[in-house]
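Source file start.txt; content: compact mmCIF, C-alpha atoms.
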```
# COMPACT_ATOMS: atom_id res chain seq x y z
CA MET A 1477 0.00 0.00 0.00
CA SER A 1478 1.38 3.43 -0.92
CA ASP A 1479 1.76 6.33 1.50
CA GLN A 1480 -1.05 8.08 -0.34
CA ASP A 1481 -3.35 5.10 0.15
CA ASP A 1482 -2.50 5.10 3.84
CA ARG A 1483 -3.41 8.75 4.11
CA HIS A 1484 -6.72 8.07 2.41
CA ARG A 1485 -7.66 5.63 5.15
CA ALA A 1486 -7.14 8.29 7.82
CA ASP A 1487 -10.32 8.66 9.87
CA HIS A 1488 -9.98 12.14 11.36
CA ASP A 1489 -13.55 12.66 12.52
CA SER A 1490 -13.58 9.77 15.01
CA PRO A 1491 -10.63 10.93 17.14
CA TRP A 1492 -12.22 14.38 17.30
CA LYS A 1493 -15.46 12.92 18.58
CA MET A 1494 -13.48 10.96 21.15
CA ALA A 1495 -11.54 14.05 22.19
CA LEU A 1496 -14.68 16.21 22.52
CA GLU A 1497 -16.42 13.60 24.63
CA ALA A 1498 -13.42 13.24 26.94
CA TYR A 1499 -12.27 16.86 27.11
CA PHE A 1500 -15.18 19.17 26.29
CA LYS A 1501 -14.42 21.57 29.14
CA GLU A 1502 -10.76 21.77 28.13
CA PHE A 1503 -11.81 22.25 24.50
CA LEU A 1504 -13.83 25.37 25.34
CA GLU A 1505 -11.16 26.67 27.67
CA LEU A 1506 -8.48 26.50 24.96
CA LEU A 1507 -10.35 27.41 21.76
CA PHE A 1508 -13.29 29.49 23.01
CA PRO A 1509 -12.15 31.01 26.33
CA THR A 1510 -14.74 33.80 26.33
CA ILE A 1511 -17.61 31.32 26.05
CA ASN A 1512 -15.96 29.08 28.62
CA GLN A 1513 -16.21 31.89 31.17
CA HIS A 1514 -20.01 31.96 30.88
CA VAL A 1515 -20.52 28.23 31.57
CA ASP A 1516 -21.39 27.02 35.06
CA TRP A 1517 -19.30 23.84 35.12
CA SER A 1518 -20.48 22.98 38.65
CA LYS A 1519 -23.83 21.92 37.15
CA GLY A 1520 -22.18 19.50 34.73
CA TYR A 1521 -22.99 18.95 31.08
CA SER A 1522 -24.42 16.19 28.90
CA PHE A 1523 -24.14 15.08 25.28
CA LEU A 1524 -27.32 15.11 23.19
CA ASP A 1525 -26.44 12.60 20.48
CA LYS A 1526 -30.04 11.52 19.85
CA GLU A 1527 -31.24 15.10 19.55
CA LEU A 1528 -28.49 15.92 17.06
CA GLN A 1529 -29.21 12.80 15.04
CA GLN A 1530 -32.86 13.79 14.75
CA ILE A 1531 -32.03 17.01 12.90
CA THR A 1532 -29.27 15.58 10.71
CA VAL A 1533 -31.38 12.81 9.15
CA GLY A 1534 -31.16 13.14 5.40
CA ALA A 1535 -28.09 15.39 5.51
CA GLU A 1536 -25.37 14.78 2.94
CA SER A 1537 -22.86 12.19 4.14
CA GLY A 1538 -20.16 12.56 1.51
CA ARG A 1539 -17.99 14.79 3.68
CA ARG A 1540 -16.53 14.07 7.11
CA TYR A 1541 -17.50 16.09 10.14
CA ALA A 1542 -17.25 15.69 13.88
CA ASP A 1543 -20.42 17.36 15.12
CA LYS A 1544 -21.40 17.34 18.79
CA LEU A 1545 -24.37 18.79 20.66
CA ILE A 1546 -23.87 19.43 24.38
CA LYS A 1547 -26.25 20.73 27.03
CA VAL A 1548 -24.62 23.16 29.45
CA TYR A 1549 -25.81 25.66 32.03
CA ALA A 1550 -24.90 29.34 31.97
CA LYS A 1551 -23.87 31.12 35.13
CA ASP A 1552 -27.22 32.94 35.08
CA GLY A 1553 -28.88 29.53 35.55
CA SER A 1554 -30.32 29.15 32.05
CA GLU A 1555 -29.94 25.98 30.01
CA THR A 1556 -28.07 26.38 26.73
CA TRP A 1557 -27.20 23.91 24.00
CA VAL A 1558 -23.76 24.17 22.42
CA LEU A 1559 -23.52 22.84 18.88
CA ILE A 1560 -19.94 22.19 17.76
CA HIS A 1561 -19.08 21.73 14.09
CA VAL A 1562 -15.56 20.48 13.45
CA GLU A 1563 -14.58 20.61 9.76
CA VAL A 1564 -11.99 17.86 9.52
CA GLN A 1565 -12.04 17.14 5.81
CA GLY A 1566 -9.22 19.56 5.16
CA GLU A 1567 -10.79 21.07 2.05
CA PRO A 1568 -12.77 24.31 2.44
CA GLU A 1569 -16.50 23.97 1.78
CA VAL A 1570 -18.50 26.78 0.22
CA GLU A 1571 -21.72 25.63 1.93
CA PHE A 1572 -20.19 25.37 5.40
CA SER A 1573 -21.83 28.54 6.77
CA GLU A 1574 -25.20 27.49 5.40
CA ARG A 1575 -24.87 24.10 7.06
CA MET A 1576 -24.12 25.87 10.34
CA PHE A 1577 -27.31 27.90 9.94
CA THR A 1578 -29.38 24.89 8.87
CA TYR A 1579 -28.49 22.89 11.99
CA GLN A 1580 -29.06 25.98 14.14
CA TYR A 1581 -32.61 26.64 12.95
CA ARG A 1582 -33.53 22.95 12.89
CA LEU A 1583 -32.59 22.62 16.56
CA ARG A 1584 -34.40 25.81 17.57
CA ASP A 1585 -37.48 24.81 15.60
CA ARG A 1586 -37.63 21.25 16.89
CA TYR A 1587 -36.66 21.77 20.54
CA ALA A 1588 -37.32 25.49 21.17
CA MET A 1589 -33.90 25.84 22.78
CA GLU A 1590 -31.25 28.52 22.66
CA VAL A 1591 -28.36 27.11 20.63
CA VAL A 1592 -24.80 28.44 20.44
CA SER A 1593 -23.05 27.21 17.28
CA LEU A 1594 -19.25 26.97 17.26
CA ALA A 1595 -17.04 26.17 14.28
CA VAL A 1596 -13.59 24.55 14.38
CA LEU A 1597 -11.68 24.56 11.09
CA ALA A 1598 -8.87 22.05 10.66
CA ASP A 1599 -8.07 22.85 7.04
CA THR A 1600 -4.85 24.64 6.03
CA ARG A 1601 -6.21 27.34 3.72
CA LYS A 1602 -5.60 30.65 5.49
CA SER A 1603 -8.31 32.50 3.55
CA PHE A 1604 -11.11 30.08 4.51
CA ARG A 1605 -12.61 31.68 7.62
CA PRO A 1606 -16.42 31.46 7.51
CA THR A 1607 -18.19 33.22 10.40
CA THR A 1608 -21.44 34.34 8.78
CA PHE A 1609 -24.32 33.04 6.70
CA HIS A 1610 -26.13 35.86 4.90
CA TYR A 1611 -29.23 35.85 2.73
CA GLU A 1612 -31.08 38.78 1.16
CA ARG A 1613 -33.79 38.99 -1.45
CA TRP A 1614 -36.35 41.76 -2.11
CA GLY A 1615 -36.04 43.37 1.28
CA CYS A 1616 -36.04 40.08 3.19
CA GLU A 1617 -32.65 39.72 4.86
CA LEU A 1618 -31.06 37.30 7.31
CA THR A 1619 -27.59 37.26 8.88
CA PHE A 1620 -26.38 34.42 11.11
CA THR A 1621 -22.98 34.84 12.80
CA PHE A 1622 -21.05 32.22 14.73
CA PRO A 1623 -17.72 32.04 16.63
CA MET A 1624 -14.94 30.24 14.75
CA ALA A 1625 -11.54 28.79 15.72
CA LYS A 1626 -8.93 28.21 13.00
CA LEU A 1627 -6.40 25.66 14.23
CA ILE A 1628 -3.50 26.76 12.02
CA ASP A 1629 -3.58 30.13 13.80
CA TRP A 1630 -1.83 28.30 16.64
CA GLU A 1631 1.19 27.63 14.43
CA GLY A 1632 2.44 31.14 15.18
CA ASN A 1633 2.26 30.38 18.89
CA TRP A 1634 3.43 26.78 18.94
CA VAL A 1635 5.38 27.23 22.16
CA ALA A 1636 2.15 28.11 23.95
CA LEU A 1637 0.72 24.74 22.92
CA GLU A 1638 3.85 22.87 23.95
CA THR A 1639 3.90 24.50 27.39
CA SER A 1640 0.15 24.60 27.98
CA ASP A 1641 -1.25 22.65 30.91
CA ASN A 1642 -4.50 22.24 28.97
CA VAL A 1643 -4.76 18.64 27.80
CA PHE A 1644 -6.60 19.69 24.62
CA ALA A 1645 -3.46 21.45 23.39
CA LEU A 1646 -2.11 18.00 22.45
CA VAL A 1647 -5.18 17.33 20.33
CA VAL A 1648 -4.73 20.62 18.48
CA MET A 1649 -1.02 19.93 17.93
CA ALA A 1650 -1.75 16.45 16.59
CA GLN A 1651 -4.42 17.74 14.19
CA ILE A 1652 -2.20 20.50 12.82
CA GLN A 1653 0.67 18.08 12.27
CA ALA A 1654 -1.68 15.54 10.68
CA LYS A 1655 -2.61 18.15 8.07
CA ARG A 1656 0.76 19.79 7.58
CA VAL A 1657 3.25 16.93 7.55
CA LYS A 1658 2.98 14.69 4.48
CA ASN A 1659 6.37 12.97 4.38
CA SER A 1660 5.98 9.59 6.08
CA ALA A 1661 9.31 9.56 7.91
CA THR A 1662 8.75 13.09 9.19
CA ARG A 1663 5.23 12.17 10.28
CA LYS A 1664 6.69 9.33 12.31
CA ASP A 1665 9.21 11.63 13.99
CA THR A 1666 6.51 14.22 14.66
CA LYS A 1667 4.22 11.62 16.13
CA VAL A 1668 6.97 10.28 18.38
CA ALA A 1669 7.70 13.83 19.60
CA LEU A 1670 4.05 14.30 20.58
CA ILE A 1671 3.96 10.96 22.38
CA LYS A 1672 7.10 11.92 24.29
CA LEU A 1673 5.50 15.23 25.29
CA LEU A 1674 2.44 13.29 26.42
CA TYR A 1675 4.57 11.17 28.77
CA GLU A 1676 6.41 14.21 30.10
CA ARG A 1677 3.25 15.94 31.32
CA GLY A 1678 2.75 13.64 34.27
CA TYR A 1679 -0.67 12.31 33.31
CA ASN A 1680 -2.01 9.14 34.89
CA ARG A 1681 -2.21 5.86 33.01
CA GLU A 1682 -5.83 6.35 31.90
CA GLN A 1683 -5.13 9.81 30.53
CA ILE A 1684 -2.03 8.66 28.69
CA LEU A 1685 -3.83 5.74 27.07
CA ARG A 1686 -6.73 7.94 25.97
CA LEU A 1687 -4.49 10.64 24.53
CA PHE A 1688 -2.20 8.07 22.96
CA ASN A 1689 -5.21 6.60 21.21
CA ILE A 1690 -6.31 10.02 19.92
CA ILE A 1691 -2.83 10.94 18.64
CA ASP A 1692 -2.22 7.46 17.23
CA TRP A 1693 -5.53 7.57 15.39
CA MET A 1694 -5.15 11.15 14.18
CA ILE A 1695 -1.59 10.91 12.82
CA GLN A 1696 -1.64 7.64 10.90
CA LEU A 1697 1.46 6.10 9.40
CA PRO A 1698 2.13 3.62 6.63
CA LYS A 1699 2.16 0.12 8.12
CA ARG A 1700 5.80 -0.30 7.16
CA LEU A 1701 6.69 2.36 9.77
CA ASP A 1702 4.64 0.82 12.58
CA PRO A 1703 7.58 -1.24 13.96
CA ASP A 1704 9.83 1.83 14.10
CA PHE A 1705 7.11 3.83 15.82
CA ALA A 1706 6.43 1.06 18.32
CA GLN A 1707 10.13 0.78 19.12
CA ALA A 1708 10.35 4.54 19.72
CA VAL A 1709 7.35 4.39 22.06
CA TYR A 1710 8.88 1.52 24.02
CA ALA A 1711 12.09 3.55 24.39
CA ILE A 1712 10.13 6.52 25.76
CA GLN A 1713 8.26 4.28 28.20
CA GLU A 1714 11.48 2.71 29.42
CA GLU A 1715 13.06 6.13 29.92
CA LYS A 1716 10.05 7.42 31.84
CA HIS A 1717 9.39 4.12 33.64
CA MET A 1718 5.81 4.16 32.39
CA PRO A 1719 5.10 0.92 30.50
CA TYR A 1720 1.51 1.83 29.68
CA VAL A 1721 1.14 0.96 26.00
CA ASN A 1722 2.06 -2.49 24.76
CA THR A 1723 1.53 -4.36 21.52
CA ILE A 1724 -1.60 -6.07 22.77
CA GLU A 1725 -3.16 -2.73 23.73
CA ARG A 1726 -2.33 -1.24 20.34
CA LEU A 1727 -4.03 -4.19 18.69
CA GLY A 1728 -7.00 -3.60 20.96
CA ILE A 1729 -7.05 0.05 19.96
CA GLU A 1730 -7.04 -0.91 16.28
CA LYS A 1731 -9.87 -3.37 16.89
CA GLY A 1732 -11.82 -0.60 18.61
CA ARG A 1733 -11.30 1.66 15.61
CA GLN A 1734 -12.55 -0.99 13.23
CA GLU A 1735 -15.62 -1.52 15.39
CA GLY A 1736 -16.11 2.26 15.55
CA ARG A 1737 -15.93 2.55 11.77
CA GLN A 1738 -18.43 -0.29 11.46
CA GLU A 1739 -20.79 1.47 13.90
CA GLY A 1740 -20.35 4.67 11.90
CA ARG A 1741 -21.32 2.91 8.68
CA GLN A 1742 -24.34 1.35 10.37
CA GLU A 1743 -25.42 4.74 11.73
CA ALA A 1744 -25.08 6.32 8.28
CA GLU A 1745 -27.11 3.50 6.72
CA GLN A 1746 -29.81 3.91 9.37
CA ARG A 1747 -29.98 7.66 8.74
CA ALA A 1748 -30.25 7.09 5.00
CA LEU A 1749 -33.04 4.54 5.53
CA GLU A 1750 -34.95 6.92 7.77
CA GLY A 1751 -34.59 9.60 5.11
CA LYS A 1752 -36.16 7.28 2.55
CA ARG A 1753 -38.99 6.46 4.94
CA ASN A 1754 -39.72 10.14 5.55
CA ALA A 1755 -39.76 10.79 1.80
CA ALA A 1756 -42.12 7.85 1.31
CA ARG A 1757 -44.43 9.20 4.04
CA LYS A 1758 -44.64 12.53 2.20
CA LEU A 1759 -45.45 10.82 -1.10
CA ILE A 1760 -48.17 8.79 0.59
CA ALA A 1761 -49.68 11.87 2.22
CA LEU A 1762 -49.42 14.27 -0.71
CA THR A 1763 -49.84 12.12 -3.85
CA GLU A 1764 -51.97 9.36 -5.29
CA MET A 1765 -48.96 7.18 -6.15
CA SER A 1766 -49.27 3.45 -5.67
CA ASP A 1767 -47.21 1.61 -3.08
CA GLN A 1768 -45.33 -0.12 -5.91
CA LEU A 1769 -44.28 3.18 -7.51
CA ILE A 1770 -43.24 4.72 -4.18
CA ALA A 1771 -41.22 1.61 -3.38
CA GLU A 1772 -39.39 1.91 -6.68
CA ILE A 1773 -38.73 5.65 -6.30
CA GLU A 1774 -37.41 5.41 -2.74
CA GLU A 1775 -35.81 1.97 -3.16
CA LEU A 1776 -37.78 0.49 -0.28
CA PRO A 1777 -39.36 -2.96 0.06
CA LEU A 1778 -42.99 -2.95 -1.04
CA GLU A 1779 -44.15 -4.34 2.32
CA GLU A 1780 -42.42 -1.49 4.15
CA VAL A 1781 -44.24 1.12 2.05
CA ALA A 1782 -47.51 -0.66 2.80
CA LYS A 1783 -46.68 -0.54 6.50
CA LEU A 1784 -45.94 3.18 6.28
CA ARG A 1785 -49.26 3.78 4.53
CA ALA A 1786 -51.07 1.93 7.29
CA GLU A 1787 -49.31 4.03 9.92
CA THR A 1788 -50.21 7.23 8.06
CA LYS A 1789 -53.91 6.34 8.04
CA HIS A 1790 -53.85 6.02 11.81
```

As structure tokens:
Amino acid sequence: MSDQDDRHRADHDSPWKMALEAYFKEFLELLFPTINQHVDWSKGYSFLDKELQQITVGAESGRRYADKLIKVYAKDGSETWVLIHVEVQGEPEVEFSERMFTYQYRLRDRYAMEVVSLAVLADTRKSFRPTTFHYERWGCELTFTFPMAKLIDWEGNWVALETSDNVFALVVMAQIQAKRVKNSATRKDTKVALIKLLYERGYNREQILRLFNIIDWMIQLPKRLDPDFAQAVYAIQEEKHMPYVNTIERLGIEKGRQEGRQEGRQEAEQRALEGKRNAARKLIALTEMSDQLIAEIEELPLEEVAKLRAETKH
């Protein structure tokens, strides 16, 4: 397998989801410090995966995002939902701002909740900095503005990341290096340097294993370099007297990734199926089409369309 093929198999959205779930507070503190100051962390927070899935049914799945919806409490006591969009594809998207607005109004319409939308851009194009969705026609005008964090802005202050006591700084460093460094040997050296920094920060075993997993997943190497990387990790562990990651655990991590990718595919398939069902329901309600024709249009089993028609009548 070529280095290019190996890069194509990189799965950057999953480590971001893992990082946000494990370090949401640290994420806000590092990338959105002003917003972080308004959150009452003593009341805790919770992830609203089901609520987010409800409003993303039927959305395009060709691109890769790490979107998270989190319920927090403001210091004034009010409940607020924070919607995080992480653009991890690496290629700027013209419709990004509109997608931000679409998710915003869908959530407000469905749940009648105040929603704060935040954008994190992991691409390397300096000019791509969307913060606003604007629409105007015949005197009808709408402007939606959202806070945005561009990760490559940290390149000019790399020392701050290296010396930060915020655990999320390692995630940002790994993502920047994953996008910037293309040469395989250099990627390996860069990855080893981050792992060494991880061990030098004095984290406990659980923290090290979690962060190792995120970095290992985010900065992927050609398989031919895996033995060299493993040897370098073992050398770091021996030096620091922290034998936390062994070959068996790395195999377990890889198995977890494969299972995660499988779950991701299943979730995407389920969302696509639900989209077809919703479209079929509309055709049943608004047209005189036969079940056979609707089944052919939406690529659904005939018996499922019949079931949907029966449900609609009730």

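Shortest separation to A:Lys1547 among A:Thr1666, A:Thr1763, A:Gln1580, A:Ser1522 occurs at residue A:Ser1522, atoms counted being all atoms listed in the file.
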
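If only C-alpha atoms are the atoms counted, then among A:Ala1771, A:Ile1671, A:Val1562, A:Val1648 the closest residue to A:Ala1542 is A:Val1562.
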
(request) Skip A:Thr1578 itself and residues of its chain fewer than 5 positions away, then list as a PyMOL selection string all residues within 10 Å of it, counting all atoms listed in the file. (result) chain A and resi 1531-1532+1572-1573+1583+1609

(request) Find, counting only C-alpha atoms, the residue in A:Ala1782, A:Phe1523, A:Leu1507, A:Leu1673 that gets nearest to A:Leu1594. (result)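 Once distances to A:Leu1594 are computed over only C-alpha atoms, the minimum belongs to A:Leu1507.
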
(message) Calculated over all atoms listed in the file, which of the candidates A:Lys1626, A:Lys1658, A:Glu1571, A:Lys1664 has the smallest distance to A:Pro1703?
(response)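 Of A:Lys1626, A:Lys1658, A:Glu1571, A:Lys1664, the one nearest A:Pro1703, counting all atoms listed in the file, is A:Lys1664.
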
(message) For A:Lys1716, find every residue with an atom within 10 Å (counting all atoms listed in the file), except residues of its own chain fewer than 6 positions away, and show them as a PyMOL selection string.
(response) chain A and resi 1672+1675-1676+1678+1710

(message) Quick check, in Å to one decimal: how far apart do atom CA of A:Lys1752 and atom CA of A:Val1781 lie?
(response)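 It comes out at 10.2 Å.
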
(request) May I ask which of the residues A:Lys1519, A:Arg1747, A:Lys1783, A:Arg1613 is the closest one to A:Glu1555, counting all atoms listed in the file? (result)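 Closest candidate: A:Lys1519.
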
(message) Measuring between all atoms listed in the file, which one of A:Pro1623, A:Glu1638, A:Ala1650, A:Arg1656 shows the shortest distance to A:Thr1510?
(response) A:Pro1623

Which centre and which edge lengths, in Å to one decimal, describe the axis-aligned box that holds all listed atoms of stretch 1784-1789 of chain A after 3 Å is added on each side, as lines of an AutoDock Vina configuration file?
```
center_x = -49.9
center_y = 4.6
center_z = 7.2
size_x = 14.0
size_y = 11.3
size_z = 11.4
```

(request) Grab the atom CA of A:Ala1669 to atom CA of A:Val1564 distance for me, in Å with one decimal place. (result)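 According to the coordinates, atom CA of A:Ala1669 and atom CA of A:Val1564 are separated by 22.5 Å.
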